[in-house]
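First up is the structure itself, then whatever we jot down about it.
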Amino acid sequence: MLRMFVISMSFIFILVPDLANSHKPQAFLDGVAGTSDEGPQIVEHFCSTCHAPSPMLPLGAPRMGVTSDWRARLEQGLDLLFKHADEGLRAMPPRGGCFECTDKQLWLAIAALLPMDIVEHKQILEDKTK
Ligand code: HEC
């Protein structure tokens with residue numbers, strides 16, 4: 001029984017390298033800090049399980065880059081959107097599960113999730129992710 005468990009767990013770590021990496025979130029975050037694709041990398045590591053276009057966990061999270069999923073959420077304003085990401089909202093875990101993320105890194109991840117055609121919010125995002 002235990003042997004089966006060990007064998008199946010090692011398969012999971014081979015098949016899902018992200019899961020193995022997520023044991024060292026701080027090292028990962030240090031590694032991507034300041035890179036040009038810091039936000040997208042954080043999303044891939046911490047958020048895409050639920051926010052990818054076809055997520056591994058289908059919990060109804062707004063999909064990355066899909067305008068119609070974000071439209072109503074954006075109408076509440078970016079500050080409230082950030083507050084929900086920070087504190088969690090129903091099935092959305094606090095800070096998207098990235099407790100080691102700084103506020104700037106959380107903003108970078110949110111910016112990477114949002115669709116590109118949100119012209120009216122671009123300036124705010126630029127200020128928050130500077
Ligand atoms: C375990 C799944 C899960 C993970 C991981 C996750 N989210 Fe979410 N997220 C959700 C779900 C589900 C919602 C929709 C919540 C609702 O409205 O009921 C959501 C909603 C959001 C929203 C919109 C909040 C609002 O005000 O409408 C933002 C922003 C967000 N997530 C950012 C992130 C970021 C950034 C990460 C990674 C750092 C992340 N999420 C990781 C499940 C997840």
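Letters A, B, ... mark the chains of the structure tokens in the order given; residue numbers begin at 1 per chain; ligand numbers begin at 1, in order shown.
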
>> As a quick test: using only C-alpha atoms and all ligand atoms, which residues lie no more than 7 Å away from ligand 1? Give them as a VMD selection string.
In response: chain A and resid 42 to 43 46 to 51 57 59 to 62 73 80 to 82 84 to 85 89 to 93 95 to 98 106 109 to 110

>> Applying 9 Å and only C-alpha atoms, which residues near Gly39 (chain A) remain after dropping the ones on its own chain fewer than 6 positions away? List them as a PyMOL selection string.
In response: chain A and resi 32+105-113

> If you run DSSP on this backbone, which residues of chain A come out as helix (DSSP H, G or I), and could you give them as a VMD selection string?
Replying inline: chain A and resid 2 to 15 17 to 21 25 to 32 38 to 51 67 to 75 78 to 87 94 to 97 103 to 113 119 to 128

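CA of Pro115 (chain A) to CA of Thr35 (chain A) spans 20.7 Å [interatomic distance, one decimal].
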
Polymer residues at most 10 Å from Leu114 (chain A), only C-alpha atoms, same-chain spacing of 2 or more positions, as an mmCIF file with C-alpha atoms, in the first residue's frame:
```
data_model
loop_
_atom_site.group_PDB
_atom_site.id
_atom_site.type_symbol
_atom_site.label_atom_id
_atom_site.label_comp_id
_atom_site.auth_asym_id
_atom_site.auth_seq_id
_atom_site.Cartn_x
_atom_site.Cartn_y
_atom_site.Cartn_z
ATOM 1 C CA PRO A 62 -12.395 34.222 -14.948
ATOM 2 C CA ARG A 63 -10.172 32.892 -17.732
ATOM 3 C CA MET A 64 -6.837 34.480 -18.590
ATOM 4 C CA GLY A 65 -7.251 37.088 -21.324
ATOM 5 C CA VAL A 66 -10.960 36.377 -21.944
ATOM 6 C CA THR A 67 -12.646 39.795 -22.061
ATOM 7 C CA ASP A 69 -15.099 36.811 -18.237
ATOM 8 C CA TRP A 70 -13.555 40.019 -16.847
ATOM 9 C CA ARG A 71 -15.915 42.765 -18.075
ATOM 10 C CA LEU A 74 -13.568 45.246 -14.017
ATOM 11 C CA ALA A 109 -0.087 38.498 -11.929
ATOM 12 C CA ILE A 110 -3.465 40.254 -12.139
ATOM 13 C CA ALA A 111 -2.199 42.397 -15.028
ATOM 14 C CA ALA A 112 -1.133 39.213 -16.827
ATOM 15 C CA MET A 116 -5.391 43.399 -23.286
ATOM 16 C CA ASP A 117 -8.296 45.592 -24.384
ATOM 17 C CA ILE A 118 -8.872 47.292 -21.023
#
```

>> Report as a list of chain:residue names all protein, DNA and RNA residues lying within 9 Å of His121 (chain A), evaluated on only C-alpha atoms, omitting residues in the same chain fewer than 4 positions from it.
In response: A:Leu74, A:Gly77, A:Leu78, A:Leu125, A:Glu126

Residues just named, written with C-alpha atoms as a compact mmCIF listing (two decimals), in the first residue's frame:
```
# COMPACT_ATOMS: atom_id res chain seq x y z
CA LEU A 74 -13.57 45.25 -14.02
CA GLY A 77 -12.79 48.96 -10.22
CA LEU A 78 -9.26 47.64 -9.93
CA LEU A 125 -1.99 48.95 -13.79
CA GLU A 126 1.20 50.63 -14.97
```
